[in-house]
Every structure is written in C-alpha cells, then in structure tokens.
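S.K.: I'd like to ask you about the structure that follows.
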Amino acid sequence: MPDQGEDRPTDLVAAVTAVLPGARADLERLVRIPSIWADPAHADDTRRSAEAVAALAQDAGGNDVRIVAVEGGAPAVIAHWPAPPGAPTVLLYAHHDVQPTGGDDLWTSPPFEPTERGGRLYGRGAADDKAGVMTHLAVLRAYRGRPPVGVTLFVEGEEESGSPTLTALLQEYRDALACDVIVIADSANPAVDVPGLTTSLRGLVDVTIEVAMLERQAHSGVFGGPVGDALTVLCRTLATLHDEHGDVAVPGLVTGTTDAPDPDEATYRGDAGLLPGVELIGTGSVNERSWLKPAVAVLGIDAPRTDQVANVLLPRARAVVSMRLAPGDDAAKAERALAEHLESHVPWGAQVTVTPGRGVAEPTALDTTGPAYDAARRAFSAAYGTAVVESGLGGSIPFIAEFARTFPGAAVLVTGVGDPASRWHGIDESLHLKMFGLGVHAEALLLAELAPAPRTA
Ligand code: BES
Ligand code: MN
Ligand code: MN
C-alpha cells in the first residue's frame with residue numbers, strides 16, 4: 001500500500017465521526033414524515049419525503065438532483081457525484097417509503113416522533129429504510145461531496161408496495177442509473193457489532209382468494225346445518241396451505257439447504273416475539289426455513305368484526321395469502337401453483353376466484369465473487385473490527401432482481417444497518433445508533449476500497 005493509503009482510513013474515521021450528529025438529526029427529520037406510499041392518504045407525505053431527500057442530496061454536493069416518477073408511481077430521487085478519472089461508478093440504493101404503523105397507540109412513543117431509548121432510535125422507518133438513506137448521505141458528506149468513486153444515489157419511494165413501477169422507471173432512467181457496482185443499504189447485520197452481507201433473498205407473491213356460497217345472508221338457525229358459510233369454507237381452504245409439520249403444502253416449489261449454523265433459539269424466539277410454549281413450524285434448520293424454503297402466511301381476511309356480528313351465514317369471504325419463495329424459484333410459476341392449490345382445495349363446491357396481488361418480487365442468490373465483494377469484506381471487517389458474516393435473508397427486495405436484469409454486469413452488494421432487534425414493519429421499529437455509525441464508516445471505507453489505487457509515480 002502506498003503511504004497515502006495508510007493515512008486515508010484515519011482521516012475517514014474522523015470525517016465520519018464529524019458528520020454523524022448531523023446525519024442523525026436529518027434521519028429524525030425524515031422519520032417525522034409519514035411516507036406510507038401504500039396508503040393513498042399519505043401520497044403528499046411521500047412527495048414531501050422525496051423532496052426532503054432531494055434537498056439533502058443537493059446539500060451533500062449532488063449534481064442533477066431530480067425527483068422522478070412514472071405514471072402512477074411513487075416519487076424517487078436520483079442524484080450524481082461524477083466519477084474521478086478512471087474510477088468506477090457506484091449506485092447507492094435505499095427507499096424512503098415506509099410501512100403503515102400497525103396502530104399508533106400500540107407504540108411506546110409515537111411512530112413519527114423519533115425518540116431515543118437505550119441507544120436506539122425508535123420510529124417508523126428509523127431502520128427500514130430511512131437509516132439506509134442517511135447512511136448514503138452521511139458517507140457523501142464525510143467525503144465533502146467528492147467521493148473517490150462516481151456515485152449515483154437512487155432512493156425509491158414504493159419498495160414497501162412491491163415496487164410496481166420500478167421496471168418502467170429503470171427503463172426510463174437506464175442511462176442515469178448505469179453503474180459498475182450497486183450497494184443496497186436495506187438489509188440487516190446479524191448482530192449490532194457484526195457486519196453482514198446478505199447473499200440471497202426470498203421472492204414474494206401474493207393473491208386474493210374469494211369464496212362465494214350464497215346469494216345473500218341466510219339465517220344461521222333456519223338454514224345452518226345443511227347450508228355452510230363462506231368464512232368456514234375460506235378457513236378450511238387456508239388450512240390446507242401447510243402440512244401436518246407446518247411445511248408449505250403447495251406443490252412444485254423450490255427448496256434449498258444450508259449448513260450455516262442456526263441462531264441461538266432463545267434469542268431467535270425473543271426477536272420474533274414468540275409466546276412461551278409456541279412451537280416453531282416446518283422442518284429443516286431455522287436458517288433453511290427462513291432463507292431457502294417457501295413460507296406462506298395469511299395477511300388479512302375480509303369478514304365481519306367480532307363486535308358487529310349477526311346470526312347469519314356469510315355469503316362470501318376473502319383473504320390475502322402471501323408466499324415467500326426460495327432463491328431459484330420463479331415468481332410467476334409459483335403464483336400459479338399457489339392459485340391452483342387454492343382453487344383445488346375449496347370444499348363443498350363453493351365458488352372460488354383467485355386474483356394476483358400487488359406485484360411480485362423475484363428471489364435472488366447473488367454472485368459473491370469478484371473484486372467488489374473482496375473490497376466489501378475488507379471495508380466491513382475493518383470498520384466493525386470483526387469478520388463479515390455472509391448469509392441469506394428471508395425478506396425480499398424487489399429492486400434487486402429487477403436491477404440485476406437491467407444491468408447484468410454490475411456487482412450487487414446488499415448491506416444495511418438493521419439488526420435482528422429492529423422490528424422491521426412492527427410496533428416500536430428502531431435503529432441501533434452505534435451500529436448506524438459503524439455502518440456509515442463501513443460504507444465510507446467501501447468507496448475508498450472500490451477506488452483505483454492512487455498512482456505513486
Ligand atoms: N428492508 C426490507 C427487507 C428486509 C427485511 C431486510 C428484514 C432485512 C431484514 C424491505 O423493505 C421489505 O420489507 N421488503 C418487502 C418487499 C415486499 C413489499 C415486496 C418484504 O420483504 O416484505
Ligand atoms: Mn426496506
Ligand atoms: Mn420493509
């Protein structure tokens with residue numbers, strides 16, 4: 001290593017340390033904006049959120065900062081920091097939209113009032129994924145707007161809705177988004193002091209099933225017995241989605257295996273919030289079940305509220321069924337398999353309609369060889385002071401497969417500053433603040449590692 005290189009990390013640590021308080025304050029500003037794109041009532045908030053991100057990008061020295069959207073899509077932000085001669089261009093990805101709160105009253109502190117407790121910042125989006133947005137911006141600030149590689153910042157606004165217009169957006173802004181390496185800061189570390197690289201993600205499909213039994217409500221005493229009800233039919237159909245072990249019973253889905261050691265069971269149960277005595281379902285290791293096997297969940301049912309029931313047989317009922325897919329599976333094929341399974345398991349001759357849901361995410365297994373991965377392993381190990389753990393993930397990021405299809409030559413790195421206790425999508429979502437600092441440091445080092453070695457001549 002030339003001498004300049006030896007100085008660089010120390011300077012970088014100081015520069016990162018100096019920008020962290022401001023980055024945290026701006027993270028709080030972003031968290032205060034309820035950018036729930038999936039809820040039409042928050043469309044304006046999502047626009048304000050994009051504007052706030054664009055202003056921060058401008059402030060961090062970005063060129064051509066733009067808010068872009070295609071017809072019907074959420075606003076995304078694109079900004080550029082031109083590459084020094086001979087340096088590669090790195091695309092930094094995050095999303096500024098967030099999940100619904102799940103009930104504001106259930107939170108310990110209000111979801112859109114960022115609050116620090118015990119070294120963690122609580123708020124909707126504090127981890128997923130406004131922390132990713134601020135990681136990128138903090139790195140660009142640490143470099144005073146002149147990073148050692150070209151940077152394109154891409155912050156989308158509809159990830160939590162399954163990125164329905166992303167394909168169109170990638171087509172339209174293909175040239176603006178072209179890059180050599182992409183860093184997706186929307187995943188998690190295995191622990192707050194252990195850096196992670198996510199090497200595979202599951203795909204996701206969902207469908208709506210509606211069963212119809214009767215022309216209208218019928219008296220549950222007069223007709224009950226010979227005549228069934230639609231909600232029971234729906235429940236019986238949904239109950240066929242798992243076998244007696246709790247494995248997914250839909251035929252024809254891809255599964256894989258891994259010998260990665262399982263997490264400690266008590267910790268895992270605590271992170272998931274399992275109640276005492278409740279069993280894990282399915283077979284295979286926990287990691288296999290989380291990363292490399294399909295999973296099915298019922299996300300919602302349309303049915304009368306329990307405090308508003310009447311003694312009637314229900315004529316129709318509806319549910320949304322969501323299925324995670326193992327790497328190697330095909331979303332369209334799996335969606336058909338799920339639909340066919342449901343259609344063929346409806347009892348008692350009830351009528352059934354299955355309609356595809358809110359868009360799909362293809363699963364991905366990343367190619368983890370090559371110089372960008374070597375650079376990431378060096379950078380992340382150095383920043384955290386311990387070796388990187390490379391592992392799969394049960395969640396989905398629709399952008400990844402889309403992006404890999406559009407730019408097949410680019411290396412894809414999936415990083416992030418969540419941790420198993422972050423409660424993504426849940427009540428009391430939070431970011432571990434010390435790890436946020438480590439994550440910024442790691443990404444700053446990564447850009448340095450991706451830059452061509454300084455010339456010594
Ligand atoms: N950031 C998450 C994915 C994730 C979850 C990474 C947990 C690491 C730990 C992402 O925002 C997400 O929630 N994705 C959705 C995708 C869907 C809406 C298509 C998901 O997995 O449900
Ligand atoms: Mn996310
Ligand atoms: Mn999410």
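Order determines the names: the first chain of the structure tokens is A, the second B, and so forth; residues in each chain are numbered 1 upward, and ligands are numbered 1 upward as they are shown.
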Within 8 Å of ligand 1, which residues show up when you count only C-alpha atoms and all ligand atoms? List them as an MDAnalysis selection string, please.
M.R.: chainID A and resid 95 98:99 128:129 159:163 186:188 202:205 359:361 393:398 416 418:420 424:425
S.K.: Residues of the last selection are to be written out with C-alpha atoms, as a tab-separated table (two decimals), in the first residue's frame.
M.R.:
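File produced: again04.tsv:
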```tsv
chain	number	residue	atom	x	y	z
A	95	HIS	CA	-36.01	3.56	-0.13
A	98	VAL	CA	-42.27	3.15	5.00
A	99	GLN	CA	-44.75	0.57	6.21
A	128	ASP	CA	-36.34	0.43	7.25
A	129	ASP	CA	-35.11	2.26	5.35
A	159	GLU	CA	-40.40	-0.51	-2.15
A	160	GLU	CA	-42.90	-1.37	0.57
A	161	SER	CA	-45.59	-1.65	-2.11
A	162	GLY	CA	-43.57	-4.20	-4.09
A	163	SER	CA	-42.05	-1.58	-6.45
A	186	ASP	CA	-31.82	-2.10	3.00
A	187	SER	CA	-30.88	-5.22	4.90
A	188	ALA	CA	-29.53	-6.14	8.31
A	202	ARG	CA	-36.54	-14.68	-0.98
A	203	GLY	CA	-39.09	-13.76	-3.60
A	204	LEU	CA	-42.65	-12.79	-2.80
A	205	VAL	CA	-46.04	-13.24	-4.40
A	359	GLY	CA	-46.93	-7.27	-7.82
A	360	VAL	CA	-44.18	-9.76	-7.34
A	361	ALA	CA	-40.58	-9.91	-6.25
A	393	LEU	CA	-32.32	-13.35	4.24
A	394	GLY	CA	-35.96	-14.32	4.43
A	395	GLY	CA	-37.25	-10.90	3.36
A	396	SER	CA	-37.48	-9.56	-0.16
A	397	ILE	CA	-36.20	-6.51	-2.01
A	398	PRO	CA	-37.92	-6.43	-5.41
A	416	GLY	CA	-27.77	-2.40	5.81
A	418	GLY	CA	-30.88	-3.07	10.69
A	419	ASP	CA	-30.24	-5.76	13.30
A	420	PRO	CA	-32.40	-8.67	14.49
A	424	TRP	CA	-38.96	-4.05	10.77
A	425	HIS	CA	-42.61	-3.44	9.91
```
S.K.: Which of range 25-258 of chain A end up as alpha helix (DSSP H) when DSSP is run on this backbone - answer as a ChimeraX atom specification?
M.R.: /A:25-31,43-59,130-142,166-172,174-177,230-238
S.K.: Give me the residues within 8 Å of range 37-52 of chain A as a list in words, counting only C-alpha atoms and dropping any in the same chain fewer than 3 places off.
M.R.: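 Counting only the stated atoms, we get Leu30, Ile33, Pro34, Ala55, Leu56, Ile67, Ala74, Pro75, Ala76, Val77, His96, Asp97, Val98, Gln99, Pro100, Gly157, Glu158, Glu160 and Ser161 of chain A.
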S.K.: Take the selection from the previous step and output its residues with N, CA, C and O atoms, as a PDB file, in the first residue's frame.
M.R.:
```pdb
ATOM      1  N   LEU A  30     -36.367  13.016   8.607  1.00  0.00           N
ATOM      2  CA  LEU A  30     -37.020  12.136   7.637  1.00  0.00           C
ATOM      3  C   LEU A  30     -38.068  11.256   8.315  1.00  0.00           C
ATOM      4  O   LEU A  30     -39.152  11.028   7.759  1.00  0.00           O
ATOM      5  N   ILE A  33     -41.667  12.409   8.717  1.00  0.00           N
ATOM      6  CA  ILE A  33     -42.564  12.473   7.542  1.00  0.00           C
ATOM      7  C   ILE A  33     -43.180  11.091   7.318  1.00  0.00           C
ATOM      8  O   ILE A  33     -42.473  10.136   7.015  1.00  0.00           O
ATOM      9  N   PRO A  34     -44.501  10.945   7.486  1.00  0.00           N
ATOM     10  CA  PRO A  34     -45.132   9.619   7.372  1.00  0.00           C
ATOM     11  C   PRO A  34     -45.310   9.182   5.910  1.00  0.00           C
ATOM     12  O   PRO A  34     -46.411   9.196   5.377  1.00  0.00           O
ATOM     13  N   ALA A  55     -33.386  17.452  -1.191  1.00  0.00           N
ATOM     14  CA  ALA A  55     -32.703  18.610  -0.599  1.00  0.00           C
ATOM     15  C   ALA A  55     -31.419  18.167   0.110  1.00  0.00           C
ATOM     16  O   ALA A  55     -30.379  18.835   0.013  1.00  0.00           O
ATOM     17  N   LEU A  56     -31.484  17.032   0.792  1.00  0.00           N
ATOM     18  CA  LEU A  56     -30.287  16.529   1.478  1.00  0.00           C
ATOM     19  C   LEU A  56     -29.210  16.124   0.463  1.00  0.00           C
ATOM     20  O   LEU A  56     -28.018  16.335   0.694  1.00  0.00           O
ATOM     21  N   ILE A  67     -36.231  14.599  -8.817  1.00  0.00           N
ATOM     22  CA  ILE A  67     -37.301  13.745  -8.299  1.00  0.00           C
ATOM     23  C   ILE A  67     -38.011  13.193  -9.521  1.00  0.00           C
ATOM     24  O   ILE A  67     -38.488  13.961 -10.350  1.00  0.00           O
ATOM     25  N   ALA A  74     -44.524   6.091  -7.344  1.00  0.00           N
ATOM     26  CA  ALA A  74     -44.089   6.955  -6.254  1.00  0.00           C
ATOM     27  C   ALA A  74     -42.878   7.785  -6.689  1.00  0.00           C
ATOM     28  O   ALA A  74     -42.122   7.371  -7.560  1.00  0.00           O
ATOM     29  N   PRO A  75     -42.692   8.949  -6.048  1.00  0.00           N
ATOM     30  CA  PRO A  75     -41.522   9.766  -6.378  1.00  0.00           C
ATOM     31  C   PRO A  75     -40.226   9.137  -5.851  1.00  0.00           C
ATOM     32  O   PRO A  75     -40.150   8.732  -4.693  1.00  0.00           O
ATOM     33  N   ALA A  76     -39.241   9.075  -6.748  1.00  0.00           N
ATOM     34  CA  ALA A  76     -37.903   8.573  -6.387  1.00  0.00           C
ATOM     35  C   ALA A  76     -36.904   9.708  -6.594  1.00  0.00           C
ATOM     36  O   ALA A  76     -37.189  10.664  -7.316  1.00  0.00           O
ATOM     37  N   VAL A  77     -35.761   9.612  -5.946  1.00  0.00           N
ATOM     38  CA  VAL A  77     -34.735  10.649  -6.074  1.00  0.00           C
ATOM     39  C   VAL A  77     -33.505  10.053  -6.749  1.00  0.00           C
ATOM     40  O   VAL A  77     -33.057   8.960  -6.383  1.00  0.00           O
ATOM     41  N   HIS A  96     -37.299   5.482   0.593  1.00  0.00           N
ATOM     42  CA  HIS A  96     -37.767   6.461   1.587  1.00  0.00           C
ATOM     43  C   HIS A  96     -39.216   6.235   1.985  1.00  0.00           C
ATOM     44  O   HIS A  96     -39.742   6.961   2.831  1.00  0.00           O
ATOM     45  N   ASP A  97     -39.893   5.252   1.370  1.00  0.00           N
ATOM     46  CA  ASP A  97     -41.257   4.945   1.806  1.00  0.00           C
ATOM     47  C   ASP A  97     -41.188   3.988   2.995  1.00  0.00           C
ATOM     48  O   ASP A  97     -40.184   3.297   3.192  1.00  0.00           O
ATOM     49  N   VAL A  98     -42.251   3.991   3.789  1.00  0.00           N
ATOM     50  CA  VAL A  98     -42.269   3.153   4.999  1.00  0.00           C
ATOM     51  C   VAL A  98     -43.565   2.354   5.071  1.00  0.00           C
ATOM     52  O   VAL A  98     -44.533   2.650   4.365  1.00  0.00           O
ATOM     53  N   GLN A  99     -43.565   1.387   5.950  1.00  0.00           N
ATOM     54  CA  GLN A  99     -44.754   0.569   6.206  1.00  0.00           C
ATOM     55  C   GLN A  99     -45.758   1.378   7.046  1.00  0.00           C
ATOM     56  O   GLN A  99     -45.375   2.294   7.768  1.00  0.00           O
ATOM     57  N   PRO A 100     -47.042   1.001   6.995  1.00  0.00           N
ATOM     58  CA  PRO A 100     -48.007   1.580   7.937  1.00  0.00           C
ATOM     59  C   PRO A 100     -47.576   1.294   9.380  1.00  0.00           C
ATOM     60  O   PRO A 100     -46.738   0.422   9.612  1.00  0.00           O
ATOM     61  N   GLY A 157     -39.412   5.178  -3.790  1.00  0.00           N
ATOM     62  CA  GLY A 157     -40.487   5.522  -2.862  1.00  0.00           C
ATOM     63  C   GLY A 157     -41.622   4.516  -2.830  1.00  0.00           C
ATOM     64  O   GLY A 157     -42.687   4.812  -2.288  1.00  0.00           O
ATOM     65  N   GLU A 158     -41.425   3.330  -3.400  1.00  0.00           N
ATOM     66  CA  GLU A 158     -42.543   2.372  -3.407  1.00  0.00           C
ATOM     67  C   GLU A 158     -42.071   0.949  -3.129  1.00  0.00           C
ATOM     68  O   GLU A 158     -42.736  -0.004  -3.505  1.00  0.00           O
ATOM     69  N   GLU A 160     -41.988  -0.651  -0.329  1.00  0.00           N
ATOM     70  CA  GLU A 160     -42.897  -1.367   0.570  1.00  0.00           C
ATOM     71  C   GLU A 160     -44.210  -1.747  -0.113  1.00  0.00           C
ATOM     72  O   GLU A 160     -45.033  -2.453   0.458  1.00  0.00           O
ATOM     73  N   SER A 161     -44.422  -1.251  -1.325  1.00  0.00           N
ATOM     74  CA  SER A 161     -45.592  -1.653  -2.109  1.00  0.00           C
ATOM     75  C   SER A 161     -45.208  -2.676  -3.172  1.00  0.00           C
ATOM     76  O   SER A 161     -45.997  -2.949  -4.076  1.00  0.00           O
TER      77      SER A 161
END
```
S.K.: For Val16 in chain A, list every protein, DNA or RNA residue within 9 Å, evaluated using only C-alpha atoms, and leave out those in the same chain fewer than 2 positions away; present the list as a PyMOL selection string.
M.R.: chain A and resi 11-14+18-20+138-139+141-143+437+440-441+444
S.K.: Any chance you can output those residues with C-alpha atoms as a compact mmCIF listing (two decimals), in the first residue's frame?
M.R.:
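Generated file (selection-v2.txt):
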```txt
# COMPACT_ATOMS: atom_id res chain seq x y z
CA ASP A 11 -8.91 10.72 8.14
CA LEU A 12 -12.01 8.91 7.17
CA VAL A 13 -12.83 7.85 10.73
CA ALA A 14 -12.52 11.47 11.81
CA ALA A 18 -17.77 14.55 12.46
CA VAL A 19 -20.82 14.06 10.22
CA LEU A 20 -22.72 11.58 12.42
CA ALA A 138 -23.60 10.67 5.60
CA VAL A 139 -20.90 8.93 3.54
CA ARG A 141 -20.92 14.29 3.47
CA ALA A 142 -17.90 12.64 5.05
CA TYR A 143 -16.25 12.93 1.63
CA GLY A 437 -22.17 4.91 12.92
CA VAL A 440 -21.56 4.72 7.77
CA HIS A 441 -17.92 4.10 8.47
CA ALA A 444 -17.22 5.13 3.50
```
S.K.: So which residues of range 8-166 of chain A fall under strand (DSSP E or B) by DSSP, listed as number ranges by chain?
M.R.: A: 63-68, 76-81, 89-95, 115-117, 120-122, 150-156
S.K.: Figure out the distance between CA of Ile400 in chain A and CA of Val248 in chain A, please, to one decimal in Å.
M.R.: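 A separation of 25.0 Å between them.
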S.K.: Between A:Ala350, A:Val133, A:Ile301, A:Ala410, single out the one closest to ligand 2, counting only C-alpha atoms and all ligand atoms.
M.R.: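 The answer is A:Val133, which sits nearest to ligand 2.
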S.K.: Mind pulling up the distance from CA of Arg405 in chain A to CA of Leu325 in chain A?
M.R.: 18.2 Å
S.K.: Fewer than 4 positions away in the same chain doesn't count, so skip those; otherwise give me all residues within 8 Å of Pro147 in chain A, counting only C-alpha atoms, as a tab-separated table (two decimals) with all heavy atoms, in the first residue's frame.
M.R.:
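As written to disk, part01.tsv reads:
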```tsv
chain	number	residue	atom	x	y	z
A	81	TRP	N	-22.74	12.10	-8.28
A	81	TRP	CA	-21.44	12.65	-7.91
A	81	TRP	C	-20.46	12.07	-8.95
A	81	TRP	O	-20.18	10.86	-8.91
A	81	TRP	CB	-21.04	12.21	-6.49
A	81	TRP	CG	-21.83	12.91	-5.41
A	81	TRP	CD1	-21.38	13.91	-4.60
A	81	TRP	CD2	-23.19	12.66	-5.00
A	81	TRP	NE1	-22.39	14.31	-3.74
A	81	TRP	CE2	-23.50	13.56	-3.97
A	81	TRP	CE3	-24.19	11.77	-5.43
A	81	TRP	CZ2	-24.75	13.59	-3.34
A	81	TRP	CZ3	-25.43	11.81	-4.82
A	81	TRP	CH2	-25.70	12.72	-3.79
A	140	LEU	N	-21.47	10.53	1.79
A	140	LEU	CA	-21.17	11.58	0.82
A	140	LEU	C	-20.74	12.86	1.53
A	140	LEU	O	-19.86	13.58	1.07
A	140	LEU	CB	-22.39	11.82	-0.08
A	140	LEU	CG	-22.62	10.62	-1.02
A	140	LEU	CD1	-24.05	10.58	-1.53
A	140	LEU	CD2	-21.61	10.65	-2.18
A	143	TYR	N	-17.18	12.64	2.73
A	143	TYR	CA	-16.25	12.93	1.63
A	143	TYR	C	-16.40	14.36	1.12
A	143	TYR	O	-15.87	14.70	0.07
A	143	TYR	CB	-16.46	11.94	0.48
A	143	TYR	CG	-15.81	10.58	0.71
A	143	TYR	CD1	-16.58	9.44	0.88
A	143	TYR	CD2	-14.43	10.47	0.76
A	143	TYR	CE1	-16.00	8.20	1.08
A	143	TYR	CE2	-13.82	9.23	0.97
A	143	TYR	CZ	-14.61	8.11	1.12
A	143	TYR	OH	-14.01	6.89	1.33
A	151	VAL	N	-20.60	8.35	-7.86
A	151	VAL	CA	-21.75	7.85	-7.09
A	151	VAL	C	-23.04	8.30	-7.76
A	151	VAL	O	-23.17	9.45	-8.17
A	151	VAL	CB	-21.71	8.35	-5.63
A	151	VAL	CG1	-23.04	8.06	-4.93
A	151	VAL	CG2	-20.56	7.70	-4.86
A	447	LEU	N	-16.24	2.68	-0.33
A	447	LEU	CA	-15.99	3.53	-1.51
A	447	LEU	C	-14.49	3.72	-1.71
A	447	LEU	O	-14.00	3.71	-2.85
A	447	LEU	CB	-16.70	4.88	-1.36
A	447	LEU	CG	-18.23	4.85	-1.28
A	447	LEU	CD1	-18.79	6.27	-1.49
A	447	LEU	CD2	-18.87	3.89	-2.27
```
S.K.: Considering only C-alpha atoms, can you say which of A:Leu431, A:Val296, A:Val149, A:Ala365 comes closest to Ala249 in chain A?
M.R.: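 The closest residue to Ala249 in chain A is A:Val296.
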S.K.: Give me, please, the distance in Å between CA of Ala15 in chain A and CA of Cys179 in chain A, quoted to one decimal.
M.R.: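 Computing the Euclidean distance for CA of Ala15 in chain A and CA of Cys179 in chain A yields 25.8 Å.
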S.K.: Ranking A:Met323, A:Met435, A:Val414, A:Ala168 by minimum distance to ligand 2 and counting only C-alpha atoms and all ligand atoms, which one comes first?
M.R.: A:Val414
S.K.: Nearest to Lys434 in chain A among A:Pro110, A:Pro304, A:Pro371, A:Pro21, with distances taken over only C-alpha atoms: which residue is it?
M.R.: A:Pro21
